[in-house]
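Step one of this worksheet: look at the structure below.
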Amino acid sequence: MISKSTKEPVLYRNEGAVAVITINNPPVNALAKNVRMAIADYLEAAADDHTARAVVISGNGRNLCGGADIREFNTPDRQVRPMTRDLMNLIEAMDKPVVAAIHGPTLGGGLELALGCHFRVARRDARLGLPEVLRGVIPGAGGTQRLPRLVGFRTAVEMITSGTPVDGTRALEIGLVDGLAEGDDVCADAIRFAEDLIARDAGPRRVSEMAIDLDADAGAALVAETRATLEKTAGGLQAPFRCLESVANTLTMPFAEGCAREAEISTETVASVESRSLVHGFFADRQVSKIPDIPADTPRRPIARTAIIGAGTMGGGIAMSFANAGMPVTLIETSPDALKRGRARIEENYAATRDRGRLTPEDMAARMDLITGVVGLDAVADADLVIEAVFEEMDVKQAVFRDLDRLARDGAILATNTSTLDVGAIAAVTERPGDVLGMHFFSPANVMTLLEIVRAEKTEKDVIATVLDLSARIGKTGVVVGVCDGFVGNRMLAPFWRQGDFVVEEGAFPQDVDRVMEDFGFRMGPFRVSDLAGLDISWAIEKRRAETRPADERYSPLLGRICERGRFGQKTGAGWYRYEGRNALPDAEIEALIVARSDEMGITRRKVSDEEILQRCIYQLINEGAKILEEGVAIRASDIDVVWLHGYGFPRRRGGPMFYADMVGLPEIVATMDRYRAEWGDTWGPATLLRELAAAGSSFKDWDAGRVD
Ligand code: NAI
């Protein structure tokens with residue numbers, strides 16, 4: 001027997017006494033319903049085929065199988081029989097031995113498929129794992145029941161609760177596979193393995209029939225220990241606990257019962273907000289580099305040499321991002337001293353990583369070698385990309401860009417790292433505004449993965465396309481945004497933090513606001529973050545903004561008053577909190593200052609509920625996001641989510657502010673805002689887009705879907 005066409009999603013052929021079933025469903029051989037059905041049919045054919053004495057399951061293209069088809073999540077297709085878990089049981093029930101040929105990423109349902117087989121042969125560079133936990137779900141096709149039986153309980157707990165994959169070599173060590181491929185063609189090796197089984201007259205070896213390697217007491221102790229660790233590390237996610245629960249069932253339940261329970265837990269997790277949020281974040285990350293008016297085949301400008309102007313906090317961090325990616329950079333300063341200081345700071349940074357054992361001395365030296373320091377702007381002459389990171393002053397920046405216009409080669413991309421200034425006005429001083437854009441890195445630039453790519457009115461499309469590609473090369477997630485004060489992230493941050501100040505004036509304390517935000521899932525609340533970043537920076541921005549602030553706008557002077565006392569945050573040992581080391585402690589001096597401010601405003605301090613704190617901060621964030629969409633400053637609501645997930649520590653389990661808004665329900669948000677508006681005035685007016693979507697029973701997700709990509 002042979003499959004009819006090589007275009008079928010699953011192929012079948014005989015190699016002597018071995019029937020070979022090959023998944024042929026690009027790009028990743030996902031287990032879509034037609035794939036599942038075809039595998040089941042061919043298994044039956046192999047069972048009936050008297051010439052076949054063993055079966056190999058392999059994959060065409062880059063892997064054996066990429067697991068469940070993520071596009072089927074939350075659709076009826078996922079339920080079409082055989083469901084993935086039925087398929088694994090069908091494979092395992094075969095009376096002829098079945099061998100999985102594993103290459104490439106064989107993850108999730110892909111590995112579960114291999115676990116349903118009786119034997120496994122893998123390439124050394126294959127990746128095998130059960131990463132379901134990272135999508136907020138548990139392996140639901142027998143993975144939590146078979147893996148511990150095969151590799152041991154402890155190893156399975158680690159792999160399943162962390163989602164971390166192993167390579168072929170490690171897989172052999174832990175007993176996950178039975179052999180390694182000699183060369184690249186793992187299918188040929190799997191066939192040889194099967195022939196050997198036939199020669200030895202070996203029958204099936206079913207993982208479900210293997211015993212767990214721990215007794216109930218030792219298992220229970222390990223489960224308790226793991227749970228305690230997860231309490232500290234899981235960051236509020238439920239899925240790791242659900243994974244643990246299901247694996248733990250192997251200690252007390254027979255295989256079939258454990259699988260039935262696994263199926264129930266799986267269904268619960270798939271329906272959870274946590275899983276929907278994580279899956280949303282996953283797709284949002286993939287979507288973000290697609291720009292509606294910039295075709296994917298837009299020619300890119302080659303970027304080999306980069307120059308960075310300014311070796312301060314940002315310039316140094318940006319240089320490190322390039323060096324970390326193996327790309328050479330020239331760091332330009334105004335004086336040898338400034339250059340020396342800049343290089344010393346970079347070296348200190350690397351040394352800290354080295355001392356923590358995360359960087360070898362050789363790698364550190366190699367990275368330092370990639371960073372060349374130069375005094376004077378002439379050095380930009382041979383750069384393909386120039387990133388300016390000098391003082392945040394329009395005059396200084398414009399002067400630099402005038403020089404760049406004169407010195408940079410034709411076609412070089414000229415970027416500014418400004419966080420507040422108008423990129424168009426900087427571009428306008430050059431004769432080549434089409435080559436100019438903003439590259440807004442976040443501090444510390446060598447660590448933070450967000451990069452706002454600021455597209456000014458005249459920025460050329462190939463410049464944006466080139467910088468989007470480049471951002472991936474240097475390990476950043478580039479989000480294309482338009483020009484406005486604060487771009488997307490900082491613009492949204494401002495009204496959020498302002499509400500924090502206001503609720504403090506009305507009756508809460510910084511620690512209350514921070515606790516509510518940390519319970520929500522931010523790693524640090526706004527006051528602690530602001531202490532960490534340095535209050536003097538916010539104060540400087542605030543003083544600049546004071547000049548344009550409308551007289552009737554509510555404004556809190558608390559930050560300025562704290563700074564006037566020389567309290568600039570953690571670095572001075574005091575800010576919104578006082579510090580013992582890195583520990584933020586509530587401070588009576590600050591509480592007195594806050595109470596005095598309430599008195600001055602004639603406010604009778606009241607208990608501000610946690611719910612109100614949360615709503616006031618987060619709904620302002622969402623509302624500003626809606627305005628940003630209305631104005632076209634961001635392309636998609638999901639892009640805003642990416643900004644907040646990567647740059648501001650918004651909890652991934654909530655999907656980002658705009659996705660969270662959808663989960664709360666837009667009508668609910670509008671109704672709440674209207675109530676606050678009655679009390680606090682127009683800053684609470686819902687954005688037109690928010691109001692319209694709410695009235696139409698729609699969502700930000702629908703709005704995104706309606707946009708042309
Ligand atoms: P910084 O004060 O630490 O560094 C600026 C450096 O630029 C100094 O070392 C200075 O000597 C150098 N410089 C000034 N004029 C120069 C010139 N004409 N040629 C060469 N070098 C010159 O400032 P920081 O914090 O690194 O900020 C730089 C830029 O990055 C600003 O536009 C800022 O708004 C922006 N930014 C800052 C963030 C932060 O958290 N610090 C975050 C994102 C953007």
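In the structure tokens, the first chain shown is A, the next is B, and so on; residue numbers restart at 1 for each chain, and ligands run from 1 in the order shown.
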Which residues are near Arg582 (chain A)? Cut-off 10 Å, only C-alpha atoms, ignore same chain within fewer than 4 positions. Put them as a PyMOL selection string. chain A and resi 532+570-571+573+578
Expected file: the selected residues, C-alpha atoms, as a PDB file, in the first residue's frame:
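Below is the file that was written, selection35.pdb:
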ATOM      1  CA  LEU A 532      13.764  52.425  41.474  1.00  0.00           C
ATOM      2  CA  GLN A 570      16.245  53.907  46.046  1.00  0.00           C
ATOM      3  CA  LYS A 571      19.554  55.445  45.005  1.00  0.00           C
ATOM      4  CA  GLY A 573      17.940  55.470  50.279  1.00  0.00           C
ATOM      5  CA  ARG A 578      12.546  54.518  52.987  1.00  0.00           C
TER       6      ARG A 578
END
For chain A versus ligand 1, which residues have an atom no more than 9 Å away, and what is each residue's nearest atom pair and distance in Å rounded to one decimal, using only C-alpha atoms and all ligand atoms, chain-then-number order, as CSV?
residue,atom,partner,partner_atom_place_in_ligand_line,distance
A:Ile308,CA,ligand 1,20 (C),8.6
A:Ile309,CA,ligand 1,20 (C),4.9
A:Gly310,CA,ligand 1,7 (O),3.5
A:Ala311,CA,ligand 1,9 (O),4.6
A:Gly312,CA,ligand 1,4 (O),3.3
A:Thr313,CA,ligand 1,26 (O),3.8
A:Met314,CA,ligand 1,26 (O),3.6
A:Gly315,CA,ligand 1,26 (O),5.5
A:Gly316,CA,ligand 1,26 (O),7.6
A:Gly317,CA,ligand 1,26 (O),8.4
A:Leu331,CA,ligand 1,20 (C),8.7
A:Ile332,CA,ligand 1,20 (C),5.6
A:Glu333,CA,ligand 1,20 (C),3.9
A:Thr334,CA,ligand 1,20 (C),4.7
A:Ser335,CA,ligand 1,11 (O),7.5
A:Asp337,CA,ligand 1,11 (O),9.0
A:Ala338,CA,ligand 1,11 (O),5.5
A:Leu339,CA,ligand 1,9 (O),7.4
A:Arg341,CA,ligand 1,9 (O),8.1
A:Gly342,CA,ligand 1,9 (O),6.8
A:Val375,CA,ligand 1,20 (C),7.8
A:Gly376,CA,ligand 1,19 (N),7.0
A:Leu377,CA,ligand 1,19 (N),6.8
A:Glu388,CA,ligand 1,29 (C),7.5
A:Ala389,CA,ligand 1,29 (C),4.1
A:Val390,CA,ligand 1,7 (O),3.5
A:Phe391,CA,ligand 1,5 (C),4.8
A:Glu392,CA,ligand 1,32 (O),3.9
A:Glu393,CA,ligand 1,32 (O),7.2
A:Val396,CA,ligand 1,18 (N),6.6
A:Lys397,CA,ligand 1,18 (N),7.5
A:Ala399,CA,ligand 1,18 (N),7.5
A:Val400,CA,ligand 1,18 (N),5.7
A:Thr416,CA,ligand 1,32 (O),7.4
A:Asn417,CA,ligand 1,30 (O),5.1
A:Thr418,CA,ligand 1,32 (O),3.8
A:Ser419,CA,ligand 1,34 (O),4.5
A:Thr420,CA,ligand 1,34 (O),6.5
A:Leu421,CA,ligand 1,32 (O),8.0
A:Met439,CA,ligand 1,44 (C),8.8
A:His440,CA,ligand 1,44 (C),5.9
A:Phe441,CA,ligand 1,43 (C),5.3
A:Phe442,CA,ligand 1,42 (C),4.8
A:Ser443,CA,ligand 1,40 (O),4.6
A:Pro444,CA,ligand 1,40 (O),7.1
A:Ala445,CA,ligand 1,42 (C),7.8
A:Ala533,CA,ligand 1,40 (O),7.4
A:Ile537,CA,ligand 1,41 (N),8.0
Excluding region 117-132 of chain A and residues on its chain fewer than 6 positions from it, collect all residues at most 6 Å away from it, counting only C-alpha atoms, and give them as a PDB file with C-alpha atoms, in the first residue's frame.
ATOM      1  CA  GLU A  92      -0.142   2.484  21.710  1.00  0.00           C
ATOM      2  CA  VAL A  98       5.624   1.368  16.593  1.00  0.00           C
ATOM      3  CA  VAL A  99       8.760   3.549  16.495  1.00  0.00           C
ATOM      4  CA  ALA A 100       8.720   7.360  16.487  1.00  0.00           C
ATOM      5  CA  ALA A 101      11.372   9.076  14.347  1.00  0.00           C
ATOM      6  CA  ILE A 102      12.010  12.384  16.098  1.00  0.00           C
ATOM      7  CA  HIS A 103      13.692  15.412  14.581  1.00  0.00           C
ATOM      8  CA  GLY A 104      13.266  19.155  15.012  1.00  0.00           C
ATOM      9  CA  PRO A 105      10.992  20.705  17.624  1.00  0.00           C
ATOM     10  CA  THR A 106       8.783  17.845  18.793  1.00  0.00           C
ATOM     11  CA  LEU A 107       6.805  19.591  21.447  1.00  0.00           C
ATOM     12  CA  GLY A 108       3.449  19.342  23.181  1.00  0.00           C
ATOM     13  CA  ILE A 138      -1.635  21.169  30.699  1.00  0.00           C
ATOM     14  CA  PRO A 139      -0.553  18.425  28.303  1.00  0.00           C
ATOM     15  CA  ILE A 160       6.060  19.590  32.616  1.00  0.00           C
ATOM     16  CA  GLY A 163       7.778  23.592  29.881  1.00  0.00           C
ATOM     17  CA  PRO A 165      12.525  21.106  26.361  1.00  0.00           C
ATOM     18  CA  VAL A 166      15.556  18.780  26.156  1.00  0.00           C
ATOM     19  CA  ASP A 167      17.669  17.879  23.142  1.00  0.00           C
ATOM     20  CA  GLY A 168      18.136  14.376  21.730  1.00  0.00           C
ATOM     21  CA  THR A 169      21.311  13.682  23.671  1.00  0.00           C
ATOM     22  CA  VAL A 177      14.311   8.039  23.689  1.00  0.00           C
ATOM     23  CA  ASP A 178      15.779   4.617  22.983  1.00  0.00           C
ATOM     24  CA  GLY A 179      18.324   5.556  20.360  1.00  0.00           C
ATOM     25  CA  LEU A 180      19.972   8.449  18.557  1.00  0.00           C
ATOM     26  CA  ALA A 181      20.149   8.884  14.805  1.00  0.00           C
ATOM     27  CA  ALA A 190      14.086   4.517  12.929  1.00  0.00           C
ATOM     28  CA  PRO A 204       5.169  -3.491  21.630  1.00  0.00           C
ATOM     29  CA  ARG A 205       6.399  -1.816  24.819  1.00  0.00           C
ATOM     30  CA  ARG A 206       3.575   0.355  26.079  1.00  0.00           C
TER      31      ARG A 206
END
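Across the model, the gap from CA of Phe282 (chain A) to CA of Leu147 (chain A) is 25.6 Å.
Residue nearest Asp639 (chain A) within the list A:Pro361, A:Gly625, A:Pro495, A:Gly475: A:Gly625 [criterion: smallest interatomic distance, only C-alpha atoms].
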